[in-house]
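What follows is start30.pdb (PDB, C-alpha atoms and all ligand atoms).
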ATOM      1  CA  MET R1354       0.000   0.000   0.000  1.00  0.00           C
ATOM      2  CA  PRO R1355       1.449   3.430  -0.957  1.00  0.00           C
ATOM      3  CA  ARG R1356       2.481   5.692   1.898  1.00  0.00           C
ATOM      4  CA  PRO R1357       0.341   8.830   2.321  1.00  0.00           C
ATOM      5  CA  LEU R1358       1.954  11.962   0.914  1.00  0.00           C
ATOM      6  CA  THR R1359       3.308  14.524   3.315  1.00  0.00           C
ATOM      7  CA  PRO R1360       1.751  17.997   3.024  1.00  0.00           C
ATOM      8  CA  ASP R1361       5.108  19.307   1.776  1.00  0.00           C
ATOM      9  CA  ARG R1362       5.315  16.709  -0.981  1.00  0.00           C
ATOM     10  CA  ARG R1363       1.733  17.347  -2.026  1.00  0.00           C
ATOM     11  CA  ALA R1364       2.390  21.093  -2.193  1.00  0.00           C
ATOM     12  CA  ALA R1365       5.538  20.451  -4.240  1.00  0.00           C
ATOM     13  CA  LEU R1366       3.564  18.335  -6.711  1.00  0.00           C
ATOM     14  CA  LEU R1367       1.004  21.110  -7.163  1.00  0.00           C
ATOM     15  CA  ARG R1368       3.811  23.617  -7.753  1.00  0.00           C
ATOM     16  CA  ASP R1369       5.121  21.210 -10.402  1.00  0.00           C
ATOM     17  CA  VAL R1370       1.724  21.276 -12.148  1.00  0.00           C
ATOM     18  CA  GLU R1371       1.832  25.068 -12.314  1.00  0.00           C
ATOM     19  CA  GLU R1372       5.400  24.883 -13.606  1.00  0.00           C
ATOM     20  CA  ILE R1373       4.201  22.551 -16.383  1.00  0.00           C
ATOM     21  CA  TYR R1374       1.652  25.216 -17.383  1.00  0.00           C
ATOM     22  CA  LYS R1375       4.461  27.805 -17.522  1.00  0.00           C
ATOM     23  CA  VAL R1376       6.662  25.529 -19.622  1.00  0.00           C
ATOM     24  CA  LEU R1377       3.764  24.952 -22.012  1.00  0.00           C
ATOM     25  CA  SER R1378       3.091  28.661 -22.422  1.00  0.00           C
ATOM     26  CA  ALA R1379       6.792  29.296 -23.082  1.00  0.00           C
ATOM     27  CA  ARG R1380       6.874  26.766 -25.923  1.00  0.00           C
ATOM     28  CA  PRO R1381       7.018  28.297 -29.392  1.00  0.00           C
ATOM     29  CA  LEU R1382       3.792  26.609 -30.507  1.00  0.00           C
ATOM     30  CA  GLU R1383       1.411  28.550 -32.732  1.00  0.00           C
ATOM     31  CA  ARG R1384      -1.726  29.110 -30.664  1.00  0.00           C
ATOM     32  CA  ASP R1385      -3.886  32.084 -30.001  1.00  0.00           C
ATOM     33  CA  CYS R1386      -6.425  31.597 -27.230  1.00  0.00           C
ATOM     34  CA  THR R1387      -8.292  34.887 -27.132  1.00  0.00           C
ATOM     35  CA  GLY R1388     -10.657  33.734 -24.394  1.00  0.00           C
ATOM     36  CA  ILE R1389     -13.755  33.547 -26.579  1.00  0.00           C
ATOM     37  CA  ALA R1390     -14.696  30.448 -24.566  1.00  0.00           C
ATOM     38  CA  GLU R1391     -16.110  28.476 -27.484  1.00  0.00           C
ATOM     39  CA  CYS R1392     -14.448  25.311 -26.218  1.00  0.00           C
ATOM     40  CA  CYS R1393     -15.934  25.820 -22.711  1.00  0.00           C
ATOM     41  CA  HIS R1394     -19.448  25.022 -23.983  1.00  0.00           C
ATOM     42  CA  PHE R1395     -19.225  21.276 -23.510  1.00  0.00           C
ATOM     43  CA  LYS R1396     -22.774  20.526 -24.544  1.00  0.00           C
ATOM     44  CA  LEU R1397     -22.326  22.387 -27.817  1.00  0.00           C
ATOM     45  CA  THR R1398     -18.887  21.001 -28.641  1.00  0.00           C
ATOM     46  CA  GLY R1399     -19.708  17.509 -27.365  1.00  0.00           C
ATOM     47  CA  ARG R1400     -16.293  17.421 -25.700  1.00  0.00           C
ATOM     48  CA  THR R1401     -15.180  17.880 -22.101  1.00  0.00           C
ATOM     49  CA  PRO R1402     -11.575  18.220 -20.947  1.00  0.00           C
ATOM     50  CA  PHE R1403     -10.218  15.410 -18.776  1.00  0.00           C
ATOM     51  CA  LEU R1404      -8.062  16.341 -15.794  1.00  0.00           C
ATOM     52  CA  THR R1405      -5.394  14.527 -13.854  1.00  0.00           C
ATOM     53  CA  ARG R1406      -5.479  14.902 -10.078  1.00  0.00           C
ATOM     54  CA  GLY R1407      -2.789  17.566  -9.938  1.00  0.00           C
ATOM     55  CA  GLU R1408      -4.684  19.715 -12.428  1.00  0.00           C
ATOM     56  CA  ALA R1409      -7.936  19.195 -10.538  1.00  0.00           C
ATOM     57  CA  LEU R1410      -6.350  20.202  -7.218  1.00  0.00           C
ATOM     58  CA  VAL R1411      -4.798  23.335  -8.740  1.00  0.00           C
ATOM     59  CA  ALA R1412      -8.140  24.281 -10.314  1.00  0.00           C
ATOM     60  CA  ALA R1413      -9.962  23.621  -7.014  1.00  0.00           C
ATOM     61  CA  SER R1414      -7.530  25.875  -5.203  1.00  0.00           C
ATOM     62  CA  ALA R1415      -8.318  28.628  -7.726  1.00  0.00           C
ATOM     63  CA  VAL R1416     -12.051  28.032  -7.182  1.00  0.00           C
ATOM     64  CA  ARG R1417     -11.613  28.267  -3.385  1.00  0.00           C
ATOM     65  CA  SER R1418      -9.593  31.455  -3.688  1.00  0.00           C
ATOM     66  CA  ARG R1419     -12.715  32.991  -5.251  1.00  0.00           C
ATOM     67  CA  GLY R1420     -14.667  32.082  -2.099  1.00  0.00           C
ATOM     68  CA  ARG R1421     -16.436  29.040  -3.513  1.00  0.00           C
ATOM     69  CA  LYS R1422     -16.593  25.639  -1.842  1.00  0.00           C
ATOM     70  CA  LYS R1423     -18.566  23.938  -4.601  1.00  0.00           C
ATOM     71  CA  LEU R1424     -18.903  24.187  -8.341  1.00  0.00           C
ATOM     72  CA  PRO R1425     -21.899  26.261  -9.351  1.00  0.00           C
ATOM     73  CA  PRO R1426     -24.631  24.489 -11.301  1.00  0.00           C
ATOM     74  CA  SER R1427     -24.432  24.762 -15.058  1.00  0.00           C
ATOM     75  CA  PRO R1428     -27.838  24.061 -16.579  1.00  0.00           C
ATOM     76  CA  SER R1429     -26.627  25.162 -20.028  1.00  0.00           C
ATOM     77  CA  GLY R1430     -24.114  22.324 -20.118  1.00  0.00           C
ATOM     78  CA  ALA R1431     -21.181  24.755 -20.307  1.00  0.00           C
ATOM     79  CA  CYS R1432     -18.196  24.461 -17.966  1.00  0.00           C
ATOM     80  CA  PRO R1433     -19.330  25.429 -14.436  1.00  0.00           C
ATOM     81  CA  LEU R1434     -16.299  27.717 -14.232  1.00  0.00           C
ATOM     82  CA  LEU R1435     -17.506  29.877 -17.077  1.00  0.00           C
ATOM     83  CA  GLU R1436     -19.092  33.157 -15.959  1.00  0.00           C
ATOM     84  CA  ASN R1437     -20.246  35.861 -18.373  1.00  0.00           C
ATOM     85  CA  ASN R1438     -18.529  33.798 -21.050  1.00  0.00           C
ATOM     86  CA  ARG R1439     -15.147  34.115 -19.303  1.00  0.00           C
ATOM     87  CA  CYS R1440     -13.135  31.474 -17.484  1.00  0.00           C
ATOM     88  CA  THR R1441     -13.091  32.342 -13.776  1.00  0.00           C
ATOM     89  CA  ILE R1442      -9.813  30.470 -13.202  1.00  0.00           C
ATOM     90  CA  TYR R1443      -8.088  31.356 -16.460  1.00  0.00           C
ATOM     91  CA  GLU R1444      -4.531  31.613 -15.057  1.00  0.00           C
ATOM     92  CA  ARG R1445      -4.873  28.210 -13.429  1.00  0.00           C
ATOM     93  CA  ARG R1446      -7.060  26.508 -16.008  1.00  0.00           C
ATOM     94  CA  PRO R1447      -6.299  22.840 -16.667  1.00  0.00           C
ATOM     95  CA  PHE R1448      -3.844  21.574 -19.253  1.00  0.00           C
ATOM     96  CA  GLY R1449      -6.602  20.328 -21.571  1.00  0.00           C
ATOM     97  CA  CYS R1450      -8.129  23.825 -21.694  1.00  0.00           C
ATOM     98  CA  ARG R1451      -4.749  25.076 -22.967  1.00  0.00           C
ATOM     99  CA  THR R1452      -4.179  22.374 -25.546  1.00  0.00           C
ATOM    100  CA  HIS R1453      -7.453  20.829 -26.667  1.00  0.00           C
ATOM    101  CA  PHE R1454      -9.841  21.305 -29.476  1.00  0.00           C
ATOM    102  CA  CYS R1455     -10.535  25.033 -29.781  1.00  0.00           C
ATOM    103  CA  LYS R1456     -10.650  25.646 -33.526  1.00  0.00           C
ATOM    104  CA  ALA R1457     -10.441  29.419 -33.152  1.00  0.00           C
ATOM    105  CA  ALA R1458      -7.172  29.087 -31.238  1.00  0.00           C
ATOM    106  CA  GLY R1459      -5.653  26.828 -33.891  1.00  0.00           C
ATOM    107  CA  GLY R1460      -7.019  23.364 -33.057  1.00  0.00           C
ATOM    108  CA  PRO R1461      -5.530  20.800 -30.725  1.00  0.00           C
ATOM    109  CA  TYR R1462      -1.801  20.485 -30.112  1.00  0.00           C
ATOM    110  CA  ALA R1463      -0.271  17.424 -31.694  1.00  0.00           C
ATOM    111  CA  ARG R1464       0.360  14.935 -28.905  1.00  0.00           C
ATOM    112  CA  GLY R1465       4.037  14.779 -29.817  1.00  0.00           C
ATOM    113  CA  GLU R1466       4.376  18.516 -29.073  1.00  0.00           C
ATOM    114  CA  VAL R1467       3.299  18.061 -25.470  1.00  0.00           C
ATOM    115  CA  ARG R1468       3.890  14.365 -24.773  1.00  0.00           C
ATOM    116  CA  ASP R1469       6.597  15.049 -22.173  1.00  0.00           C
ATOM    117  CA  LEU R1470       4.326  17.414 -20.237  1.00  0.00           C
ATOM    118  CA  ILE R1471       1.409  14.961 -20.353  1.00  0.00           C
ATOM    119  CA  GLN R1472       3.763  12.293 -19.033  1.00  0.00           C
ATOM    120  CA  GLN R1473       4.762  14.540 -16.128  1.00  0.00           C
ATOM    121  CA  LEU R1474       1.103  15.240 -15.313  1.00  0.00           C
ATOM    122  CA  GLU R1475       0.384  11.509 -15.386  1.00  0.00           C
ATOM    123  CA  ASP R1476       3.333  10.819 -13.053  1.00  0.00           C
ATOM    124  CA  ILE R1477       2.007  13.443 -10.635  1.00  0.00           C
ATOM    125  CA  ASP R1478      -1.490  11.932 -10.947  1.00  0.00           C
ATOM    126  CA  ARG R1479      -0.191   8.517  -9.926  1.00  0.00           C
ATOM    127  CA  GLU R1480       1.718   9.950  -6.972  1.00  0.00           C
ATOM    128  CA  LEU R1481      -1.495  11.672  -5.848  1.00  0.00           C
ATOM    129  CA  GLY R1482      -3.292   8.328  -5.985  1.00  0.00           C
ATOM    130  CA  GLY R1483      -5.076   8.899  -9.296  1.00  0.00           C
ATOM    131  CA  SER R1484      -5.521   6.497 -12.143  1.00  0.00           C
ATOM    132  CA  GLY R1485      -5.874   8.759 -15.159  1.00  0.00           C
ATOM    133  CA  GLY R1486      -7.936  11.647 -16.386  1.00  0.00           C
ATOM    134  CA  VAL R1487     -11.459  12.364 -15.136  1.00  0.00           C
ATOM    135  CA  ASN R1488     -13.945  14.714 -16.808  1.00  0.00           C
ATOM    136  CA  LEU R1489     -13.645  18.300 -15.625  1.00  0.00           C
ATOM    137  CA  PRO R1490     -16.734  18.700 -13.409  1.00  0.00           C
ATOM    138  CA  ALA R1491     -16.217  15.351 -11.656  1.00  0.00           C
ATOM    139  CA  ALA R1492     -12.470  15.939 -11.239  1.00  0.00           C
ATOM    140  CA  ILE R1493     -12.915  19.387  -9.687  1.00  0.00           C
ATOM    141  CA  ASP R1494     -15.837  18.222  -7.518  1.00  0.00           C
ATOM    142  CA  TRP R1495     -13.530  15.546  -6.133  1.00  0.00           C
ATOM    143  CA  ALA R1496     -10.711  18.026  -5.592  1.00  0.00           C
ATOM    144  CA  LEU R1497     -12.994  20.481  -3.775  1.00  0.00           C
ATOM    145  CA  GLY R1498     -13.789  17.700  -1.316  1.00  0.00           C
ATOM    146  CA  GLN R1499     -10.094  17.287  -0.461  1.00  0.00           C
ATOM    147  CA  ARG R1500      -8.186  19.355   2.037  1.00  0.00           C
TER     148      ARG R1500
HETATM  149  S1  LIG R1601     -11.817  25.672 -16.798  1.00  0.00           S
HETATM  150 FE1  LIG R1601     -12.012  27.631 -17.840  1.00  0.00          FE
HETATM  151  S2  LIG R1601     -11.009  27.372 -19.841  1.00  0.00           S
HETATM  152 FE2  LIG R1601     -11.438  25.330 -19.001  1.00  0.00          FE
HETATM  153  S3  LIG R1601     -13.418  24.740 -19.866  1.00  0.00           S
HETATM  154 FE3  LIG R1601     -13.793  25.683 -17.850  1.00  0.00          FE
HETATM  155  S4  LIG R1601     -14.206  27.855 -18.277  1.00  0.00           S
HETATM  156 FE4  LIG R1601     -13.215  26.964 -20.107  1.00  0.00          FE
END
Rewrite the coordinates I just gave you, this time as structure tokens.
Amino acid sequence: MPRPLTPDRRAALLRDVEEIYKVLSARPLERDCTGIAECCHFKLTGRTPFLTRGEALVAASAVRSRGRKKLPPSPSGACPLLENNRCTIYERRPFGCRTHFCKAAGGPYARGEVRDLIQQLEDIDRELGGSGGVNLPAAIDWALGQR
């Protein structure tokens, strides 16, 4: 049975997730997310980002820092973190929101362009006790229930 993580190790893993986001944004890959939020309308696009545990915990921390303990309901089927058509956690949005299928931003990254970063997120996921990506609302709901 794996040993529980110390708080310091857990915090270090979450810092690593944010570092992965910085590395991604520093890569010379042609993308232009202008925040039009087309890809955040899951029901319309038929696609929902999947998050590893590290991403979910970072996103949950951003949600909490806005004074929320739960995800708001989203009857429209859009991401519950979308408000007035803007992402409420944009700086700490998950990896998939930075790399997935937004046509207006240039389409998805080729896996080979970000394979190393995905691998690092998966390694962190395993160390946090995860077993792969979970759809965004369920992943963040889980993370909001953690301390
Ligand atoms: S977390 Fe933000 S960027 Fe990602 S789908 Fe939700 S609103 Fe859009």
Would you work out the distance separating CA of Pro1447 (chain R) from CA of Lys1423 (chain R), expressed in Å to one decimal?
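These two atoms are separated by 17.2 Å.
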Neighbours of ligand LIG 1601 (chain R) at 6 Å or closer, counting only C-alpha atoms and all ligand atoms: which residues, as a compact mmCIF listing (two decimals) with C-alpha atoms, in the frame of the given file?
# COMPACT_ATOMS: atom_id res chain seq x y z
CA ALA R 1390 -14.70 30.45 -24.57
CA CYS R 1393 -15.93 25.82 -22.71
CA CYS R 1432 -18.20 24.46 -17.97
CA LEU R 1434 -16.30 27.72 -14.23
CA LEU R 1435 -17.51 29.88 -17.08
CA CYS R 1440 -13.14 31.47 -17.48
CA ILE R 1442 -9.81 30.47 -13.20
CA TYR R 1443 -8.09 31.36 -16.46
CA ARG R 1446 -7.06 26.51 -16.01
CA CYS R 1450 -8.13 23.82 -21.69
Taking the file above as input, evaluate the PyMOL selection byres (((chain R and resi 1409) around 9) and not hetatm) and report the hits as a PyMOL selection string.
chain R and resi 1404-1408+1410-1414+1447+1487+1489+1492-1497
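Closest approach to Glu1371 (chain R) among R:Arg1468, R:His1394, R:Arg1445, R:Arg1451: R:Arg1445, based on all atoms listed in the file.
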If the PyMOL selection byres (((chain R and resi 1474-1485) around 9) and not hetatm) is run on the structure shown, which residues does it catch, given as a VMD selection string?
chain R and resid 1355 1357 to 1358 1363 1366 to 1367 1369 to 1370 1373 1403 to 1408 1448 1469 to 1473 1486 to 1487
Requested write-out: C-alpha atoms of the selected residues, as a PDB file, in the frame of the given file:
ATOM      1  CA  PRO R1355       1.449   3.430  -0.957  1.00  0.00           C
ATOM      2  CA  PRO R1357       0.341   8.830   2.321  1.00  0.00           C
ATOM      3  CA  LEU R1358       1.954  11.962   0.914  1.00  0.00           C
ATOM      4  CA  ARG R1363       1.733  17.347  -2.026  1.00  0.00           C
ATOM      5  CA  LEU R1366       3.564  18.335  -6.711  1.00  0.00           C
ATOM      6  CA  LEU R1367       1.004  21.110  -7.163  1.00  0.00           C
ATOM      7  CA  ASP R1369       5.121  21.210 -10.402  1.00  0.00           C
ATOM      8  CA  VAL R1370       1.724  21.276 -12.148  1.00  0.00           C
ATOM      9  CA  ILE R1373       4.201  22.551 -16.383  1.00  0.00           C
ATOM     10  CA  PHE R1403     -10.218  15.410 -18.776  1.00  0.00           C
ATOM     11  CA  LEU R1404      -8.062  16.341 -15.794  1.00  0.00           C
ATOM     12  CA  THR R1405      -5.394  14.527 -13.854  1.00  0.00           C
ATOM     13  CA  ARG R1406      -5.479  14.902 -10.078  1.00  0.00           C
ATOM     14  CA  GLY R1407      -2.789  17.566  -9.938  1.00  0.00           C
ATOM     15  CA  GLU R1408      -4.684  19.715 -12.428  1.00  0.00           C
ATOM     16  CA  PHE R1448      -3.844  21.574 -19.253  1.00  0.00           C
ATOM     17  CA  ASP R1469       6.597  15.049 -22.173  1.00  0.00           C
ATOM     18  CA  LEU R1470       4.326  17.414 -20.237  1.00  0.00           C
ATOM     19  CA  ILE R1471       1.409  14.961 -20.353  1.00  0.00           C
ATOM     20  CA  GLN R1472       3.763  12.293 -19.033  1.00  0.00           C
ATOM     21  CA  GLN R1473       4.762  14.540 -16.128  1.00  0.00           C
ATOM     22  CA  GLY R1486      -7.936  11.647 -16.386  1.00  0.00           C
ATOM     23  CA  VAL R1487     -11.459  12.364 -15.136  1.00  0.00           C
TER      24      VAL R1487
END
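For the pair CA of Leu1377 (chain R) and CA of Val1416 (chain R), the interatomic distance is 21.9 Å.
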10 Å contact set for Ser1429 (chain R), all atoms listed in the file, chain neighbours under 5 positions out, as a PDB file with C-alpha atoms, keeping the file's coordinate frame:
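So the final result, stored in around-v3.pdb, reads:
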ATOM      1  CA  HIS R1394     -19.448  25.022 -23.983  1.00  0.00           C
ATOM      2  CA  PHE R1395     -19.225  21.276 -23.510  1.00  0.00           C
ATOM      3  CA  LYS R1396     -22.774  20.526 -24.544  1.00  0.00           C
ATOM      4  CA  LEU R1397     -22.326  22.387 -27.817  1.00  0.00           C
TER       5      LEU R1397
END
R:Thr1359, R:Thr1452, R:Asn1438, R:Asn1488: which is nearest Thr1401 (chain R), counting only C-alpha atoms?
R:Asn1488
Separation of CA of Gly1449 (chain R) from CA of Pro1402 (chain R), in Å and rounded to one decimal:
5.4 Å
